[in-house]
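Text of target.cif, listed as mmCIF, N, CA and C atoms:
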```cif
data_protein
#
loop_
_atom_site.label_atom_id
_atom_site.label_comp_id
_atom_site.auth_asym_id
_atom_site.auth_seq_id
_atom_site.Cartn_x
_atom_site.Cartn_y
_atom_site.Cartn_z
N MET A 155 83.45 120.68 133.57
CA MET A 155 84.72 120.40 132.97
C MET A 155 84.71 118.98 132.42
N ARG A 156 85.28 118.79 131.24
CA ARG A 156 85.34 117.50 130.58
C ARG A 156 86.41 116.62 131.21
N GLU A 157 86.09 115.35 131.38
CA GLU A 157 87.06 114.38 131.90
C GLU A 157 88.10 114.10 130.83
N ILE A 158 89.38 114.22 131.17
CA ILE A 158 90.46 113.93 130.24
C ILE A 158 90.87 112.48 130.43
N LEU A 159 90.67 111.67 129.41
CA LEU A 159 90.88 110.24 129.49
C LEU A 159 91.33 109.76 128.12
N PHE A 160 92.20 108.76 128.12
CA PHE A 160 92.69 108.20 126.86
C PHE A 160 92.45 106.71 126.83
N ARG A 161 92.49 106.16 125.63
CA ARG A 161 92.35 104.73 125.42
C ARG A 161 93.43 104.31 124.43
N GLY A 162 93.96 103.12 124.61
CA GLY A 162 94.95 102.59 123.69
C GLY A 162 94.93 101.07 123.71
N LYS A 163 95.45 100.48 122.65
CA LYS A 163 95.50 99.03 122.51
C LYS A 163 96.84 98.52 123.03
N ARG A 164 96.78 97.61 123.99
CA ARG A 164 97.99 97.08 124.62
C ARG A 164 98.88 96.36 123.60
N LYS A 165 100.20 96.55 123.75
CA LYS A 165 101.16 95.89 122.88
C LYS A 165 101.23 94.39 123.15
N ASP A 166 101.08 94.00 124.41
CA ASP A 166 101.31 92.60 124.75
C ASP A 166 100.15 91.67 124.41
N ASN A 167 98.91 92.16 124.46
CA ASN A 167 97.80 91.24 124.20
C ASN A 167 96.68 91.83 123.34
N GLY A 168 96.81 93.07 122.89
CA GLY A 168 95.82 93.67 122.00
C GLY A 168 94.54 94.13 122.67
N GLU A 169 94.45 94.05 123.99
CA GLU A 169 93.25 94.52 124.69
C GLU A 169 93.29 96.04 124.82
N TRP A 170 92.10 96.63 124.88
CA TRP A 170 91.98 98.08 125.05
C TRP A 170 92.04 98.43 126.53
N VAL A 171 92.77 99.50 126.86
CA VAL A 171 92.84 100.00 128.23
C VAL A 171 92.56 101.49 128.22
N GLU A 172 91.97 101.98 129.31
CA GLU A 172 91.65 103.40 129.45
C GLU A 172 92.36 103.96 130.66
N GLY A 173 92.73 105.23 130.58
CA GLY A 173 93.36 105.89 131.71
C GLY A 173 94.12 107.13 131.27
N ASP A 174 95.16 107.46 132.04
CA ASP A 174 96.00 108.62 131.74
C ASP A 174 97.08 108.23 130.74
N LEU A 175 97.44 109.17 129.89
CA LEU A 175 98.45 108.92 128.87
C LEU A 175 99.84 109.21 129.41
N LEU A 176 100.77 108.28 129.20
CA LEU A 176 102.17 108.45 129.58
C LEU A 176 103.03 108.35 128.34
N LYS A 177 103.96 109.28 128.19
CA LYS A 177 104.89 109.24 127.07
C LYS A 177 106.29 109.26 127.66
N TYR A 178 107.07 108.23 127.37
CA TYR A 178 108.41 108.10 127.92
C TYR A 178 109.43 108.79 127.02
N GLU A 179 110.58 109.13 127.62
CA GLU A 179 111.67 109.74 126.85
C GLU A 179 112.13 108.83 125.73
N THR A 180 111.95 107.55 125.89
CA THR A 180 112.34 106.57 124.87
C THR A 180 111.41 106.59 123.67
N GLY A 181 110.27 107.28 123.80
CA GLY A 181 109.29 107.32 122.73
C GLY A 181 108.15 106.34 122.93
N GLU A 182 108.29 105.45 123.91
CA GLU A 182 107.21 104.51 124.18
C GLU A 182 106.02 105.22 124.79
N THR A 183 104.86 104.65 124.59
CA THR A 183 103.61 105.21 125.09
C THR A 183 102.92 104.19 125.97
N ALA A 184 102.31 104.65 127.06
CA ALA A 184 101.61 103.75 127.97
C ALA A 184 100.34 104.44 128.47
N ILE A 185 99.43 103.63 128.96
CA ILE A 185 98.22 104.11 129.60
C ILE A 185 98.29 103.70 131.06
N LEU A 186 98.14 104.68 131.94
CA LEU A 186 98.14 104.44 133.38
C LEU A 186 96.69 104.28 133.81
N SER A 187 96.34 103.07 134.24
CA SER A 187 94.94 102.80 134.55
C SER A 187 94.66 102.72 136.04
N GLY A 188 95.60 103.14 136.86
CA GLY A 188 95.39 103.15 138.30
C GLY A 188 96.67 102.87 139.05
N PHE A 189 96.53 102.77 140.33
CA PHE A 189 97.69 102.52 141.17
C PHE A 189 97.48 101.24 141.96
N SER A 190 98.56 100.64 142.33
CA SER A 190 98.48 99.43 143.13
C SER A 190 98.04 99.78 144.54
N ARG A 191 97.89 98.81 145.37
CA ARG A 191 97.47 99.02 146.75
C ARG A 191 98.55 99.74 147.56
N TYR A 192 99.72 99.95 146.98
CA TYR A 192 100.81 100.59 147.70
C TYR A 192 100.72 102.11 147.67
N GLY A 193 99.78 102.66 146.91
CA GLY A 193 99.55 104.10 146.94
C GLY A 193 100.23 104.87 145.84
N PHE A 194 99.98 106.15 145.84
CA PHE A 194 100.42 107.06 144.79
C PHE A 194 101.94 107.15 144.70
N GLU A 195 102.64 107.11 145.83
CA GLU A 195 104.09 107.30 145.82
C GLU A 195 104.83 106.13 145.18
N ALA A 196 104.21 104.98 145.10
CA ALA A 196 104.87 103.80 144.54
C ALA A 196 104.74 103.80 143.02
N THR A 197 105.44 104.72 142.37
CA THR A 197 105.28 104.90 140.93
C THR A 197 105.70 103.67 140.14
N GLU A 198 106.60 102.88 140.65
CA GLU A 198 107.03 101.68 139.93
C GLU A 198 105.99 100.56 140.04
N ILE A 199 104.98 100.75 140.87
CA ILE A 199 103.99 99.71 141.06
C ILE A 199 102.63 100.16 140.53
N CYS A 200 102.62 101.18 139.69
CA CYS A 200 101.34 101.63 139.13
C CYS A 200 100.91 100.69 138.01
N LEU A 201 99.64 100.69 137.73
CA LEU A 201 99.08 99.80 136.72
C LEU A 201 99.17 100.48 135.37
N ARG A 202 100.26 100.27 134.69
CA ARG A 202 100.46 100.90 133.39
C ARG A 202 100.70 99.83 132.34
N ASN A 203 100.22 100.11 131.17
CA ASN A 203 100.32 99.17 130.06
C ASN A 203 100.89 99.89 128.86
N LYS A 204 101.93 99.32 128.27
CA LYS A 204 102.46 99.89 127.03
C LYS A 204 101.45 99.64 125.93
N VAL A 205 101.22 100.69 125.14
CA VAL A 205 100.21 100.61 124.08
C VAL A 205 100.83 100.95 122.73
N ILE A 206 100.12 100.55 121.69
CA ILE A 206 100.53 100.89 120.32
C ILE A 206 100.19 102.37 120.11
N PRO A 207 101.20 103.22 119.91
CA PRO A 207 100.96 104.67 119.84
C PRO A 207 99.89 105.09 118.84
N GLU A 208 99.81 104.42 117.71
CA GLU A 208 98.84 104.79 116.68
C GLU A 208 97.40 104.57 117.12
N THR A 209 97.19 103.77 118.18
CA THR A 209 95.83 103.47 118.62
C THR A 209 95.35 104.38 119.76
N VAL A 210 96.19 105.29 120.21
CA VAL A 210 95.81 106.16 121.32
C VAL A 210 94.74 107.15 120.86
N CYS A 211 93.63 107.18 121.60
CA CYS A 211 92.49 108.03 121.28
C CYS A 211 92.02 108.73 122.55
N GLN A 212 91.54 109.95 122.39
CA GLN A 212 91.06 110.72 123.53
C GLN A 212 89.55 110.60 123.68
N PHE A 213 89.08 110.58 124.93
CA PHE A 213 87.66 110.57 125.26
C PHE A 213 87.06 111.91 124.87
N THR A 214 85.91 111.89 124.24
CA THR A 214 85.27 113.12 123.77
C THR A 214 84.54 113.88 124.87
N GLY A 215 84.29 113.21 126.00
CA GLY A 215 83.50 113.82 127.06
C GLY A 215 82.02 113.51 126.93
N LEU A 216 81.65 112.76 125.88
CA LEU A 216 80.25 112.43 125.63
C LEU A 216 80.04 110.92 125.67
N THR A 217 78.80 110.53 125.89
CA THR A 217 78.44 109.12 125.85
C THR A 217 77.34 108.92 124.83
N ASP A 218 77.20 107.68 124.35
CA ASP A 218 76.16 107.38 123.38
C ASP A 218 74.82 107.14 124.07
N LYS A 219 73.82 106.73 123.32
CA LYS A 219 72.48 106.54 123.88
C LYS A 219 72.43 105.43 124.92
N ASN A 220 73.45 104.57 124.95
CA ASN A 220 73.54 103.49 125.94
C ASN A 220 74.49 103.85 127.09
N ASN A 221 74.90 105.11 127.14
CA ASN A 221 75.81 105.62 128.17
C ASN A 221 77.23 105.06 128.05
N LYS A 222 77.61 104.63 126.85
CA LYS A 222 78.97 104.16 126.59
C LYS A 222 79.83 105.35 126.17
N ARG A 223 81.03 105.44 126.71
CA ARG A 223 81.92 106.55 126.37
C ARG A 223 82.26 106.54 124.88
N ILE A 224 82.31 107.74 124.31
CA ILE A 224 82.67 107.90 122.90
C ILE A 224 84.09 108.45 122.84
N PHE A 225 84.96 107.72 122.15
CA PHE A 225 86.36 108.11 121.97
C PHE A 225 86.60 108.48 120.52
N GLU A 226 87.63 109.30 120.31
CA GLU A 226 88.13 109.56 118.98
C GLU A 226 88.46 108.19 118.37
N GLY A 227 88.15 108.00 117.09
CA GLY A 227 88.41 106.72 116.44
C GLY A 227 87.25 105.74 116.52
N ASP A 228 86.24 106.06 117.31
CA ASP A 228 85.08 105.18 117.39
C ASP A 228 84.24 105.31 116.12
N ILE A 229 83.50 104.25 115.84
CA ILE A 229 82.51 104.27 114.76
C ILE A 229 81.15 104.21 115.45
N VAL A 230 80.31 105.17 115.11
CA VAL A 230 78.99 105.24 115.74
C VAL A 230 77.91 105.17 114.66
N ASN A 231 76.80 104.55 115.01
CA ASN A 231 75.62 104.58 114.16
C ASN A 231 74.73 105.71 114.67
N PHE A 232 74.35 106.59 113.75
CA PHE A 232 73.42 107.66 114.10
C PHE A 232 72.04 107.24 113.61
N TYR A 233 71.07 107.27 114.52
CA TYR A 233 69.71 106.87 114.20
C TYR A 233 68.85 108.10 113.93
N ASN A 234 68.26 108.14 112.73
CA ASN A 234 67.38 109.26 112.43
C ASN A 234 65.96 108.93 112.88
N GLY A 235 65.04 109.81 112.68
CA GLY A 235 63.67 109.62 113.15
C GLY A 235 62.91 108.53 112.41
N ASP A 236 63.40 108.07 111.27
CA ASP A 236 62.72 107.04 110.49
C ASP A 236 63.19 105.63 110.81
N GLY A 237 64.03 105.49 111.82
CA GLY A 237 64.53 104.17 112.19
C GLY A 237 65.72 103.72 111.36
N GLU A 238 66.19 104.59 110.49
CA GLU A 238 67.37 104.25 109.69
C GLU A 238 68.61 104.75 110.42
N TYR A 239 69.76 104.18 110.07
CA TYR A 239 71.01 104.61 110.70
C TYR A 239 72.12 104.70 109.67
N SER A 240 73.12 105.49 110.03
CA SER A 240 74.29 105.67 109.19
C SER A 240 75.53 105.62 110.06
N PRO A 241 76.61 104.96 109.57
CA PRO A 241 77.84 104.91 110.36
C PRO A 241 78.69 106.17 110.16
N TYR A 242 79.22 106.67 111.26
CA TYR A 242 80.10 107.83 111.26
C TYR A 242 81.36 107.51 112.03
N GLU A 243 82.45 108.14 111.63
CA GLU A 243 83.72 108.04 112.37
C GLU A 243 83.90 109.29 113.22
N VAL A 244 84.31 109.10 114.46
CA VAL A 244 84.59 110.22 115.35
C VAL A 244 86.06 110.57 115.20
N ARG A 245 86.34 111.86 114.94
CA ARG A 245 87.71 112.27 114.70
C ARG A 245 87.94 113.68 115.26
N TRP A 246 89.17 113.95 115.69
CA TRP A 246 89.56 115.29 116.11
C TRP A 246 89.86 116.08 114.85
N GLN A 247 89.18 117.21 114.69
CA GLN A 247 89.36 117.99 113.47
C GLN A 247 88.98 119.44 113.75
N ASN A 248 89.78 120.37 113.30
CA ASN A 248 89.48 121.80 113.44
C ASN A 248 89.17 122.19 114.88
N SER A 249 90.01 121.78 115.81
CA SER A 249 89.90 122.16 117.22
C SER A 249 88.68 121.58 117.93
N GLY A 250 88.18 120.48 117.46
CA GLY A 250 87.05 119.84 118.14
C GLY A 250 86.79 118.45 117.59
N PHE A 251 85.93 117.70 118.26
CA PHE A 251 85.58 116.37 117.80
C PHE A 251 84.49 116.49 116.75
N SER A 252 84.71 115.83 115.62
CA SER A 252 83.78 115.86 114.50
C SER A 252 83.33 114.44 114.18
N VAL A 253 82.24 114.34 113.44
CA VAL A 253 81.79 113.05 112.94
C VAL A 253 81.83 113.12 111.42
N LEU A 254 82.40 112.08 110.82
CA LEU A 254 82.58 112.08 109.37
C LEU A 254 81.98 110.81 108.78
N MET A 255 81.39 110.95 107.61
CA MET A 255 80.91 109.80 106.87
C MET A 255 81.79 109.67 105.63
N ASN A 256 82.32 108.49 105.42
CA ASN A 256 83.23 108.24 104.30
C ASN A 256 84.41 109.21 104.31
N GLY A 257 84.88 109.55 105.51
CA GLY A 257 86.05 110.41 105.64
C GLY A 257 85.78 111.89 105.42
N LYS A 258 84.51 112.28 105.23
CA LYS A 258 84.17 113.67 104.97
C LYS A 258 83.04 114.12 105.89
N PRO A 259 83.03 115.39 106.28
CA PRO A 259 81.88 115.90 107.04
C PRO A 259 80.62 115.73 106.21
N ASN A 260 79.54 115.39 106.86
CA ASN A 260 78.30 115.18 106.14
C ASN A 260 77.18 115.91 106.84
N LEU A 261 76.14 115.20 107.24
CA LEU A 261 74.99 115.80 107.87
C LEU A 261 75.37 116.60 109.12
N PHE A 262 76.26 116.05 109.91
CA PHE A 262 76.72 116.72 111.12
C PHE A 262 78.22 116.93 111.00
N ASP A 263 78.69 118.10 111.38
CA ASP A 263 80.13 118.34 111.40
C ASP A 263 80.69 118.14 112.79
N GLU A 264 79.92 118.50 113.79
CA GLU A 264 80.43 118.53 115.16
C GLU A 264 79.75 117.47 116.02
N LEU A 265 80.55 116.77 116.80
CA LEU A 265 80.00 115.83 117.77
C LEU A 265 79.49 116.64 118.94
N ASP A 266 78.19 116.55 119.21
CA ASP A 266 77.61 117.32 120.30
C ASP A 266 76.61 116.46 121.07
N ASP A 267 75.95 117.06 122.07
CA ASP A 267 75.00 116.32 122.91
C ASP A 267 73.85 115.73 122.09
N PHE A 268 73.34 116.49 121.12
CA PHE A 268 72.23 115.99 120.30
C PHE A 268 72.64 114.74 119.55
N PHE A 269 73.77 114.82 118.86
CA PHE A 269 74.24 113.68 118.07
C PHE A 269 74.52 112.49 118.97
N SER A 270 75.24 112.71 120.07
CA SER A 270 75.63 111.59 120.93
C SER A 270 74.42 110.89 121.55
N SER A 271 73.35 111.63 121.84
CA SER A 271 72.17 111.03 122.44
C SER A 271 71.38 110.16 121.46
N ARG A 272 71.69 110.29 120.16
CA ARG A 272 70.98 109.53 119.13
C ARG A 272 71.91 108.57 118.39
N CYS A 273 73.08 108.32 118.96
CA CYS A 273 74.01 107.40 118.29
C CYS A 273 74.39 106.26 119.22
N GLU A 274 75.02 105.25 118.63
CA GLU A 274 75.47 104.08 119.38
C GLU A 274 76.85 103.69 118.88
N VAL A 275 77.80 103.50 119.81
CA VAL A 275 79.14 103.04 119.45
C VAL A 275 79.03 101.59 118.99
N ILE A 276 79.50 101.32 117.76
CA ILE A 276 79.42 99.96 117.22
C ILE A 276 80.80 99.35 116.97
N GLY A 277 81.85 100.12 117.16
CA GLY A 277 83.20 99.62 116.94
C GLY A 277 84.17 100.78 116.86
N ASN A 278 85.35 100.50 116.28
CA ASN A 278 86.34 101.56 116.09
C ASN A 278 87.11 101.31 114.81
N VAL A 279 87.82 102.32 114.36
CA VAL A 279 88.51 102.25 113.07
C VAL A 279 89.68 101.28 113.07
N PHE A 280 90.16 100.88 114.23
CA PHE A 280 91.30 99.96 114.31
C PHE A 280 90.86 98.50 114.22
N ASP A 281 89.78 98.17 114.90
CA ASP A 281 89.31 96.79 114.95
C ASP A 281 88.22 96.49 113.90
N ASN A 282 87.49 97.51 113.48
CA ASN A 282 86.32 97.29 112.61
C ASN A 282 86.23 98.28 111.46
N PRO A 283 87.28 98.47 110.66
CA PRO A 283 87.20 99.47 109.58
C PRO A 283 86.11 99.15 108.56
N GLU A 284 85.75 97.88 108.46
CA GLU A 284 84.72 97.49 107.48
C GLU A 284 83.35 98.10 107.81
N LEU A 285 83.14 98.53 109.05
CA LEU A 285 81.86 99.13 109.43
C LEU A 285 81.62 100.47 108.74
N LEU A 286 82.69 101.08 108.24
CA LEU A 286 82.55 102.37 107.55
C LEU A 286 82.24 102.19 106.06
N GLU A 287 82.34 100.97 105.58
CA GLU A 287 82.07 100.71 104.17
C GLU A 287 80.56 100.65 103.97
N VAL A 288 80.05 101.65 103.28
CA VAL A 288 78.59 101.74 103.07
C VAL A 288 78.28 101.48 101.62
#
```
Represent the supplied structure as structure tokens.
Amino acid sequence: MREILFRGKRKDNGEWVEGDLLKYETGETAILSGFSRYGFEATEICLRNKVIPETVCQFTGLTDKNNKRIFEGDIVNFYNGDGEYSPYEVRWQNSGFSVLMNGKPNLFDELDDFFSSRCEVIGNVFDNPELLEV
């Protein structure tokens, strides 16, 4: 079974946090990254961070060649057998995670074990959009 995990950029300081996704009735979004030493019942003391909703991305369940988690919105370099690489964007599309070059499916349509084992996360579309400019 795939681990369900989300990532988002904190509103207060711009740092990335990972954990469970919380959506409040007010429309605010937060990432719950754990609980305080007071335990599960102390819901007001959980470690939650309000995040910018547009930056929330889901974990794909895969890791790159360096064992780094791959999230939707990540930019990965895919290394071919000739030592060359190409940047791809990871995106949720057609009921699954896909990799796109220049916003379009290219050599690979689907993010899978083969692709992830030969790629490296180099950034994300929020912090490093220039990495997709080829």
Exercise for review: Calculate how many Å separate atom C of Asn248 of chain A from atom N of Phe213 of chain A, rounding to one decimal.
Suggested key: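 Between atom C of Asn248 of chain A and atom N of Phe213 of chain A the gap is 15.4 Å.
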Review point. Taking the backbone alone, and naming residues the way the document does, which bits of segment 166-238 of chain A are strand (DSSP E) by DSSP, as a PyMOL selection string?
Key: chain A and resi 170-177+183-189+200-205+211-217+223-225+228-233
Exercise for review: Compile the contact shell of Ile206 of chain A as a list in words: residues with an atom at most 7 Å away, counting only N, CA and C atoms, same-chain residues fewer than 5 positions apart removed.
Suggested key: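 That gives Gly162, Lys163, Arg164, Lys165 and Thr183 of chain A.
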Review point. Hey, can you check how far atom CA of Glu208 of chain A sits from atom C of Val275 of chain A?
Key: 20.2 Å
Practice item. Would you mind listing what lies within 6 Å of Glu264 of chain A as a PyMOL selection string, with all atoms listed in the file counted and same-chain residues fewer than 4 positions away left out? Key: chain A and resi 251-253
Practice item. Please evaluate the PyMOL selection byres (((chain A and resi 279-283 and name CA) around 10) and name CA) against the structure above and give the resulting residues as an NGL selection string. Key: :A and (163 or 208-209 or 226-229 or 243-244 or 276-278 or 284-287)
I need the chosen residues saved as a compact mmCIF listing (two decimals), keeping the file's coordinate frame, with N, CA and C atoms.
```
# COMPACT_ATOMS: atom_id res chain seq x y z
N LYS A 163 95.45 100.48 122.65
CA LYS A 163 95.50 99.03 122.51
C LYS A 163 96.84 98.52 123.03
N GLU A 208 99.81 104.42 117.71
CA GLU A 208 98.84 104.79 116.68
C GLU A 208 97.40 104.57 117.12
N THR A 209 97.19 103.77 118.18
CA THR A 209 95.83 103.47 118.62
C THR A 209 95.35 104.38 119.76
N GLU A 226 87.63 109.30 120.31
CA GLU A 226 88.13 109.56 118.98
C GLU A 226 88.46 108.19 118.37
N GLY A 227 88.15 108.00 117.09
CA GLY A 227 88.41 106.72 116.44
C GLY A 227 87.25 105.74 116.52
N ASP A 228 86.24 106.06 117.31
CA ASP A 228 85.08 105.18 117.39
C ASP A 228 84.24 105.31 116.12
N ILE A 229 83.50 104.25 115.84
CA ILE A 229 82.51 104.27 114.76
C ILE A 229 81.15 104.21 115.45
N GLU A 243 82.45 108.14 111.63
CA GLU A 243 83.72 108.04 112.37
C GLU A 243 83.90 109.29 113.22
N VAL A 244 84.31 109.10 114.46
CA VAL A 244 84.59 110.22 115.35
C VAL A 244 86.06 110.57 115.20
N ILE A 276 79.50 101.32 117.76
CA ILE A 276 79.42 99.96 117.22
C ILE A 276 80.80 99.35 116.97
N GLY A 277 81.85 100.12 117.16
CA GLY A 277 83.20 99.62 116.94
C GLY A 277 84.17 100.78 116.86
N ASN A 278 85.35 100.50 116.28
CA ASN A 278 86.34 101.56 116.09
C ASN A 278 87.11 101.31 114.81
N GLU A 284 85.75 97.88 108.46
CA GLU A 284 84.72 97.49 107.48
C GLU A 284 83.35 98.10 107.81
N LEU A 285 83.14 98.53 109.05
CA LEU A 285 81.86 99.13 109.43
C LEU A 285 81.62 100.47 108.74
N LEU A 286 82.69 101.08 108.24
CA LEU A 286 82.55 102.37 107.55
C LEU A 286 82.24 102.19 106.06
N GLU A 287 82.34 100.97 105.58
CA GLU A 287 82.07 100.71 104.17
C GLU A 287 80.56 100.65 103.97
```
Practice item. Would you write out, as a list of chain:residue names, every residue that the PyMOL selection byres (((chain A and resi 181 and name CA) around 12) and name CA) captures in this file? Key: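 Applying the PyMOL selection byres (((chain A and resi 181 and name CA) around 12) and name CA) to the structure shown produces A:Leu176, A:Lys177, A:Tyr178, A:Glu179, A:Thr180, A:Glu182, A:Thr183, A:Ala184, A:Lys204, A:Val205, A:Ile206, A:Pro207.
Computed from the coordinates, the atom CA of Gly250 of chain A to atom CA of Gly215 of chain A distance equals 11.3 Å.
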Point to revise | Reference answer for the PyMOL selection byres ((chain A and resi 212) around 6.5), as a ChimeraX atom specification | key: /A:159-161,210-211,213-215,224-226
Exercise for review: as a ChimeraX atom specification, list the residues of chain A assigned to alpha helix (DSSP H) by DSSP on the backbone atoms of this structure.
Suggested key: /A:267-271
Point to revise | Distance criterion (only N, CA and C atoms): nearest to Lys219 of chain A out of A:Arg272, A:Asp236, A:Arg156, A:Asp166 | key: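 Answer, going by the shortest atom-to-atom distance: A:Arg272.
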